[in-house]
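Colleague: Sharing input09.txt (compact mmCIF, C-alpha atoms) below.
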```txt
# COMPACT_ATOMS: atom_id res chain seq x y z
CA MET A 118 -11.70 -61.97 44.30
CA THR A 119 -13.03 -58.77 42.71
CA ASP A 120 -13.81 -60.05 39.21
CA PRO A 121 -16.87 -58.05 38.03
CA ALA A 122 -18.38 -61.04 36.20
CA ALA A 123 -18.21 -63.16 39.35
CA LEU A 124 -19.75 -60.39 41.43
CA ARG A 125 -22.55 -60.10 38.89
CA THR A 126 -23.20 -63.84 39.02
CA LEU A 127 -23.47 -63.76 42.81
CA ALA A 128 -25.79 -60.76 42.67
CA GLU A 129 -28.04 -62.47 40.14
CA GLY A 130 -28.54 -65.51 42.35
CA VAL A 131 -29.14 -63.44 45.46
CA ALA A 132 -31.62 -61.14 43.67
CA ARG A 133 -33.64 -64.13 42.47
CA GLU A 134 -33.88 -65.50 46.02
CA ALA A 135 -34.88 -62.10 47.39
CA ALA A 136 -37.56 -61.79 44.70
CA VAL A 137 -39.10 -65.09 45.80
CA LEU A 138 -39.25 -63.78 49.37
CA VAL A 139 -40.83 -60.49 48.30
CA ARG A 140 -43.48 -62.34 46.26
CA GLU A 141 -44.32 -64.44 49.33
CA TYR A 142 -44.87 -61.29 51.36
CA ALA A 143 -47.03 -59.81 48.59
CA ALA A 144 -49.20 -62.92 48.55
CA ARG A 145 -49.83 -62.65 52.31
CA GLY A 146 -50.77 -58.97 52.17
CA VAL A 147 -48.65 -55.87 52.76
CA SER A 148 -48.84 -53.35 55.58
CA VAL A 149 -46.71 -50.41 56.71
CA ALA A 150 -44.08 -51.27 59.33
CA ALA A 151 -42.59 -47.78 59.73
CA THR A 152 -42.11 -44.41 58.04
CA LYS A 153 -38.95 -42.48 57.17
CA SER A 154 -38.68 -38.93 55.83
CA SER A 155 -42.43 -38.27 56.18
CA ASP A 156 -45.63 -40.12 57.04
CA ILE A 157 -46.05 -41.14 53.38
CA ASP A 158 -42.48 -42.44 52.98
CA VAL A 159 -43.05 -46.01 54.11
CA VAL A 160 -41.15 -49.18 55.02
CA THR A 161 -42.74 -52.63 55.05
CA ALA A 162 -41.72 -55.82 56.82
CA ALA A 163 -40.88 -57.18 53.38
CA ASP A 164 -38.28 -54.42 52.86
CA ARG A 165 -36.55 -55.44 56.07
CA ALA A 166 -36.77 -59.17 55.42
CA SER A 167 -35.48 -58.79 51.86
CA GLU A 168 -32.49 -56.76 53.00
CA GLU A 169 -31.70 -59.22 55.78
CA LEU A 170 -31.78 -62.08 53.28
CA VAL A 171 -29.55 -60.27 50.78
CA ARG A 172 -27.10 -59.30 53.51
CA ARG A 173 -26.90 -62.85 54.83
CA LEU A 174 -26.44 -64.46 51.42
CA VAL A 175 -23.85 -61.96 50.21
CA LEU A 176 -21.79 -61.91 53.39
CA THR A 177 -21.93 -65.68 53.74
CA ALA A 178 -20.43 -65.96 50.26
CA ARG A 179 -18.01 -63.04 50.79
CA PRO A 180 -17.59 -62.37 54.54
CA ASP A 181 -14.87 -59.74 54.11
CA ASP A 182 -16.98 -57.42 51.94
CA GLY A 183 -18.71 -54.22 53.02
CA PHE A 184 -22.47 -53.71 52.82
CA LEU A 185 -24.70 -50.64 52.45
CA GLY A 186 -28.45 -51.23 52.54
CA GLU A 187 -31.36 -48.83 52.59
CA GLU A 188 -32.89 -50.26 55.76
CA GLY A 189 -29.83 -51.25 57.82
CA ASP A 190 -26.48 -50.03 59.05
CA ASP A 191 -23.42 -49.67 56.84
CA VAL A 192 -21.02 -52.59 57.37
CA ALA A 193 -17.37 -51.85 56.74
CA GLY A 194 -15.39 -54.53 54.94
CA THR A 195 -11.73 -55.30 54.36
CA SER A 196 -11.80 -56.75 50.83
CA GLY A 197 -12.27 -53.51 48.89
CA VAL A 198 -15.72 -54.63 47.71
CA ARG A 199 -18.91 -53.00 48.99
CA TRP A 200 -22.45 -54.15 48.19
CA ILE A 201 -25.10 -51.46 47.72
CA VAL A 202 -28.65 -52.75 48.11
CA ASP A 203 -32.20 -51.52 47.83
CA PRO A 204 -34.30 -54.48 49.04
CA ILE A 205 -37.50 -53.16 47.44
CA ASP A 206 -37.16 -50.14 45.17
CA GLY A 207 -40.72 -48.94 44.67
CA THR A 208 -42.08 -49.72 48.13
CA VAL A 209 -45.23 -47.62 47.71
CA ASN A 210 -46.05 -49.53 44.52
CA PHE A 211 -45.48 -52.77 46.46
CA LEU A 212 -47.78 -51.55 49.25
CA TYR A 213 -50.57 -50.80 46.77
CA GLY A 214 -50.13 -53.92 44.66
CA ILE A 215 -48.87 -52.00 41.63
CA PRO A 216 -46.50 -54.36 39.77
CA GLU A 217 -43.58 -51.95 39.49
CA TYR A 218 -40.95 -52.68 42.13
CA ALA A 219 -37.52 -54.27 42.16
CA VAL A 220 -34.66 -55.73 44.15
CA SER A 221 -31.50 -53.74 43.33
CA ILE A 222 -28.01 -55.06 44.10
CA ALA A 223 -24.73 -53.43 43.06
CA ALA A 224 -21.11 -54.27 43.81
CA GLU A 225 -18.63 -51.44 44.19
CA VAL A 226 -14.84 -51.79 44.07
CA ALA A 227 -12.68 -48.87 45.21
CA GLY A 228 -15.62 -46.49 44.87
CA GLU A 229 -16.65 -47.64 41.38
CA VAL A 230 -19.74 -49.74 40.69
CA VAL A 231 -18.54 -52.71 38.65
CA ALA A 232 -21.56 -55.04 38.73
CA GLY A 233 -25.26 -54.46 39.05
CA VAL A 234 -28.49 -56.43 39.04
CA VAL A 235 -32.07 -55.14 39.07
CA MET A 236 -34.74 -57.81 39.52
CA ASP A 237 -38.18 -56.73 38.32
CA VAL A 238 -40.04 -58.80 40.91
CA ALA A 239 -43.57 -58.71 39.54
CA LYS A 240 -42.52 -59.46 35.96
CA ASP A 241 -39.75 -61.91 36.95
CA ALA A 242 -37.31 -60.08 34.66
CA LEU A 243 -33.62 -59.80 35.48
CA TYR A 244 -31.56 -56.84 34.31
CA ALA A 245 -27.82 -57.22 34.83
CA GLY A 246 -24.48 -55.80 33.81
CA HIS A 247 -20.83 -55.72 34.78
CA ARG A 248 -17.76 -53.76 33.80
CA GLY A 249 -16.31 -55.28 30.64
CA GLY A 250 -19.51 -57.14 29.73
CA ALA A 251 -22.76 -56.47 27.90
CA PRO A 252 -25.87 -55.44 29.85
CA THR A 253 -28.82 -57.80 29.47
CA ARG A 254 -32.43 -58.43 30.34
CA ASP A 255 -32.93 -62.17 30.85
CA GLY A 256 -29.83 -62.77 28.77
CA VAL A 257 -30.88 -60.53 25.86
CA PRO A 258 -28.47 -57.59 25.21
CA LEU A 259 -29.75 -54.08 25.91
CA ALA A 260 -29.28 -50.86 23.94
CA VAL A 261 -30.65 -47.35 24.40
CA ARG A 262 -33.27 -45.84 22.14
CA ALA A 263 -32.25 -44.30 18.80
CA PRO A 264 -31.84 -40.50 18.53
CA ALA A 265 -35.05 -38.46 18.57
CA PRO A 266 -35.91 -34.76 18.72
CA LEU A 267 -36.41 -33.46 22.25
CA ALA A 268 -40.12 -32.97 21.54
CA HIS A 269 -40.42 -36.70 20.82
CA ARG A 270 -38.74 -37.95 24.00
CA LEU A 271 -40.51 -39.80 26.81
CA VAL A 272 -38.97 -38.91 30.17
CA ALA A 273 -39.54 -40.53 33.56
CA THR A 274 -39.34 -38.73 36.87
CA GLY A 275 -40.31 -39.09 40.51
CA PHE A 276 -41.28 -36.91 43.45
CA ASN A 277 -39.90 -36.52 46.94
CA TYR A 278 -41.97 -37.51 49.99
CA THR A 279 -41.52 -34.17 51.76
CA ARG A 280 -43.99 -31.46 50.76
CA PRO A 281 -41.64 -28.47 50.18
CA VAL A 282 -39.40 -30.51 47.88
CA ARG A 283 -42.23 -32.00 45.85
CA GLU A 284 -43.79 -28.57 45.37
CA VAL A 285 -40.56 -27.39 43.73
CA GLN A 286 -40.35 -30.57 41.65
CA ALA A 287 -43.96 -30.41 40.48
CA ALA A 288 -43.60 -26.84 39.25
CA ALA A 289 -40.38 -27.66 37.41
CA VAL A 290 -41.84 -30.77 35.76
CA ALA A 291 -44.79 -28.67 34.60
CA ARG A 292 -42.31 -26.35 32.87
CA LEU A 293 -40.48 -29.27 31.25
CA LEU A 294 -43.59 -31.03 29.98
CA PRO A 295 -44.38 -28.73 26.98
CA HIS A 296 -40.91 -29.40 25.53
CA ILE A 297 -41.02 -33.24 25.47
CA ARG A 298 -43.37 -35.99 24.35
CA ASP A 299 -44.64 -36.81 27.83
CA ILE A 300 -43.74 -37.58 31.45
CA ARG A 301 -43.94 -40.94 33.19
CA ARG A 302 -43.87 -41.44 36.95
CA THR A 303 -43.57 -45.18 37.60
CA GLY A 304 -42.22 -45.15 41.16
CA SER A 305 -38.96 -47.08 40.86
CA CYS A 306 -35.66 -45.36 40.10
CA ALA A 307 -33.89 -48.67 39.44
CA LEU A 308 -36.48 -49.81 36.91
CA ASP A 309 -36.64 -46.39 35.24
CA LEU A 310 -32.89 -46.56 34.64
CA CYS A 311 -33.25 -50.05 33.20
CA ARG A 312 -35.98 -48.77 30.90
CA VAL A 313 -33.56 -46.16 29.60
CA ALA A 314 -31.06 -48.99 29.06
CA GLU A 315 -33.52 -51.05 27.01
CA GLY A 316 -34.86 -48.15 24.98
CA ALA A 317 -38.30 -47.99 26.62
CA LEU A 318 -37.59 -44.45 27.87
CA ASP A 319 -35.65 -41.54 26.39
CA GLY A 320 -34.55 -40.18 29.74
CA TYR A 321 -34.96 -40.03 33.50
CA VAL A 322 -34.55 -37.25 36.07
CA GLU A 323 -35.32 -37.27 39.77
CA GLU A 324 -34.28 -35.41 42.91
CA GLY A 325 -34.19 -37.11 46.29
CA VAL A 326 -32.68 -40.41 45.18
CA HIS A 327 -29.95 -42.27 47.05
CA LEU A 328 -27.00 -44.39 46.03
CA TRP A 329 -28.89 -47.63 46.60
CA ASP A 330 -31.63 -46.42 44.23
CA HIS A 331 -29.38 -45.83 41.24
CA ALA A 332 -26.13 -47.80 41.74
CA ALA A 333 -27.17 -50.96 39.88
CA GLY A 334 -29.59 -49.43 37.37
CA GLY A 335 -27.17 -46.62 36.60
CA LEU A 336 -24.40 -49.06 35.70
CA ILE A 337 -26.75 -51.05 33.47
CA ALA A 338 -27.87 -47.87 31.70
CA ARG A 339 -24.30 -46.68 31.14
CA LEU A 340 -23.24 -50.03 29.74
CA ALA A 341 -26.19 -49.86 27.31
CA GLY A 342 -25.09 -46.49 25.92
CA ALA A 343 -26.52 -43.94 28.35
CA ARG A 344 -24.85 -41.21 30.33
CA LEU A 345 -25.71 -40.63 34.00
CA LEU A 346 -25.07 -37.50 36.02
CA VAL A 347 -25.38 -37.35 39.80
CA THR A 348 -25.83 -33.70 40.78
CA VAL A 349 -27.89 -31.42 43.05
CA GLY A 350 -31.58 -30.81 42.49
CA ALA A 351 -33.42 -27.52 42.79
CA ALA A 352 -34.43 -28.25 46.39
CA GLY A 353 -30.85 -29.08 47.38
CA GLU A 354 -31.03 -32.88 47.44
CA GLU A 355 -29.14 -35.40 45.33
CA ALA A 356 -30.51 -35.69 41.81
CA VAL A 357 -29.89 -38.04 38.90
CA VAL A 358 -30.20 -37.31 35.20
CA CYS A 359 -29.87 -40.20 32.74
CA ALA A 360 -30.36 -40.37 28.99
CA PRO A 361 -28.77 -41.94 25.90
CA ASP A 362 -25.35 -40.42 25.37
CA HIS A 363 -26.29 -39.07 21.94
CA GLY A 364 -29.07 -36.89 23.40
CA PHE A 365 -27.88 -36.32 26.93
CA GLU A 366 -26.71 -32.72 26.66
CA GLU A 367 -29.94 -31.51 25.05
CA LEU A 368 -32.08 -33.15 27.72
CA LEU A 369 -29.81 -31.86 30.49
CA GLU A 370 -30.18 -28.31 29.18
CA ALA A 371 -33.99 -28.70 29.08
CA VAL A 372 -34.03 -30.06 32.62
CA ARG A 373 -31.91 -27.16 33.85
CA ALA A 374 -34.04 -24.61 32.03
CA ALA A 375 -37.16 -26.07 33.64
CA GLY A 376 -35.64 -25.56 37.09
CA LEU A 377 -35.24 -29.19 38.12
CA LEU A 378 -31.57 -28.76 39.00
CA ARG A 379 -29.68 -26.27 41.13
CA GLU A 380 -27.52 -23.98 39.00
```
Kindly present the structure from the file in structure tokens form.
Modeller:
Amino acid sequence: MTDPAALRTLAEGVAREAAVLVREYAARGVSVAATKSSDIDVVTAADRASEELVRRLVLTARPDDGFLGEEGDDVAGTSGVRWIVDPIDGTVNFLYGIPEYAVSIAAEVAGEVVAGVVMDVAKDALYAGHRGGAPTRDGVPLAVRAPAPLAHRLVATGFNYTRPVREVQAAAVARLLPHIRDIRRTGSCALDLCRVAEGALDGYVEEGVHLWDHAAGGLIARLAGARLLVTVGAAGEEAVVCAPDHGFEELLEAVRAAGLLRE
């Protein structure tokens, strides 16, 4: 009942159905339904509808499982499996019509993520992985980028929606920038981690992320040859650093030196 491949298969089907729903909402026009940490940290009706759909489909198939979603309450289960879901990762992009947002679904067994799916909704691309199997994008195996000097690495990041935290982050990113090729800020943690997995990025660092942001994408990146560290950022919130294993330590040291992480 906890086979990672079977959990991945279920997640893939559910993510595809959720993506159809999200596209339908996008076609009708998107508006803000509520705000969270600040007045620029938004929730749309599509976020809520997507999570409700994922919850219903998953718990219909596996009624004894637990469920943790970004927009709803944590449901305790009895099977030892918990689903961790971000119904739309990249909500601000979705609100503005920027095609960079995803449905992220991970399955956790005994505290370890064993299956993960990230559905790039706008591009209709499915990233997936499970413990003991190869990570893929639409069935094609993924691998991290080849080694490169730090100065030649493209690194993604993101910024918190509360002003004091983003001021700290912006100053630290400015200190990191002279030491790398460039910075990208795409707006979706899950997709950034998948881009590390497929070799389209050399690294990713962000403070203010949550488990539902990185659970699925983090597993996919690790399976593709990356290392992922969950730690504490300079402003005291949870932070993630991810990069190919062969260059992880050098990037981590640069990130620390720039002041993006709490010592």
Colleague: What is the atom CA of Gly214 of chain A to atom CA of Leu377 of chain A distance in Å?
Modeller: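 Rounded to one decimal, the two atoms are 29.6 Å apart.
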Colleague: How many Å separate atom CA of Leu310 of chain A from atom CA of Ala360 of chain A?
Modeller: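 Separation between atom CA of Leu310 of chain A and atom CA of Ala360 of chain A: 8.8 Å.
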Colleague: Nearest residue to Val198 of chain A out of A:Ala224, A:Val257, A:Leu185, A:Leu243, using only C-alpha atoms?
Modeller: A:Ala224
Colleague: Scan for residues within 9 Å of the point (-18.1, -61.1, 37.2) in the coordinates of the file, using all atoms listed in the file, and reply as a count of residues only.
Modeller: 16
Colleague: Find the residues near segment 271-280 of chain A: any atom within 9 Å, counting only C-alpha atoms, skip ones fewer than 5 places away on the same chain, and give them as an mmCIF file with C-alpha atoms, in the frame of the given file.
Modeller:
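Below is the file that was written, result27.cif:
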```
data_model
loop_
_atom_site.group_PDB
_atom_site.id
_atom_site.type_symbol
_atom_site.label_atom_id
_atom_site.label_comp_id
_atom_site.auth_asym_id
_atom_site.auth_seq_id
_atom_site.Cartn_x
_atom_site.Cartn_y
_atom_site.Cartn_z
ATOM 1 C CA SER A 154 -38.680 -38.930 55.830
ATOM 2 C CA SER A 155 -42.430 -38.270 56.180
ATOM 3 C CA ASP A 156 -45.630 -40.120 57.040
ATOM 4 C CA ILE A 157 -46.050 -41.140 53.380
ATOM 5 C CA ASP A 158 -42.480 -42.440 52.980
ATOM 6 C CA VAL A 285 -40.560 -27.390 43.730
ATOM 7 C CA GLN A 286 -40.350 -30.570 41.650
ATOM 8 C CA ALA A 287 -43.960 -30.410 40.480
ATOM 9 C CA VAL A 290 -41.840 -30.770 35.760
ATOM 10 C CA ILE A 297 -41.020 -33.240 25.470
ATOM 11 C CA ARG A 298 -43.370 -35.990 24.350
ATOM 12 C CA ASP A 299 -44.640 -36.810 27.830
ATOM 13 C CA ILE A 300 -43.740 -37.580 31.450
ATOM 14 C CA ARG A 301 -43.940 -40.940 33.190
ATOM 15 C CA ARG A 302 -43.870 -41.440 36.950
ATOM 16 C CA THR A 303 -43.570 -45.180 37.600
ATOM 17 C CA GLY A 304 -42.220 -45.150 41.160
ATOM 18 C CA SER A 305 -38.960 -47.080 40.860
ATOM 19 C CA CYS A 306 -35.660 -45.360 40.100
ATOM 20 C CA ASP A 309 -36.640 -46.390 35.240
ATOM 21 C CA ALA A 317 -38.300 -47.990 26.620
ATOM 22 C CA LEU A 318 -37.590 -44.450 27.870
ATOM 23 C CA ASP A 319 -35.650 -41.540 26.390
ATOM 24 C CA GLY A 320 -34.550 -40.180 29.740
ATOM 25 C CA TYR A 321 -34.960 -40.030 33.500
ATOM 26 C CA VAL A 322 -34.550 -37.250 36.070
ATOM 27 C CA GLU A 323 -35.320 -37.270 39.770
ATOM 28 C CA GLU A 324 -34.280 -35.410 42.910
ATOM 29 C CA GLY A 325 -34.190 -37.110 46.290
ATOM 30 C CA VAL A 326 -32.680 -40.410 45.180
ATOM 31 C CA ALA A 360 -30.360 -40.370 28.990
#
```
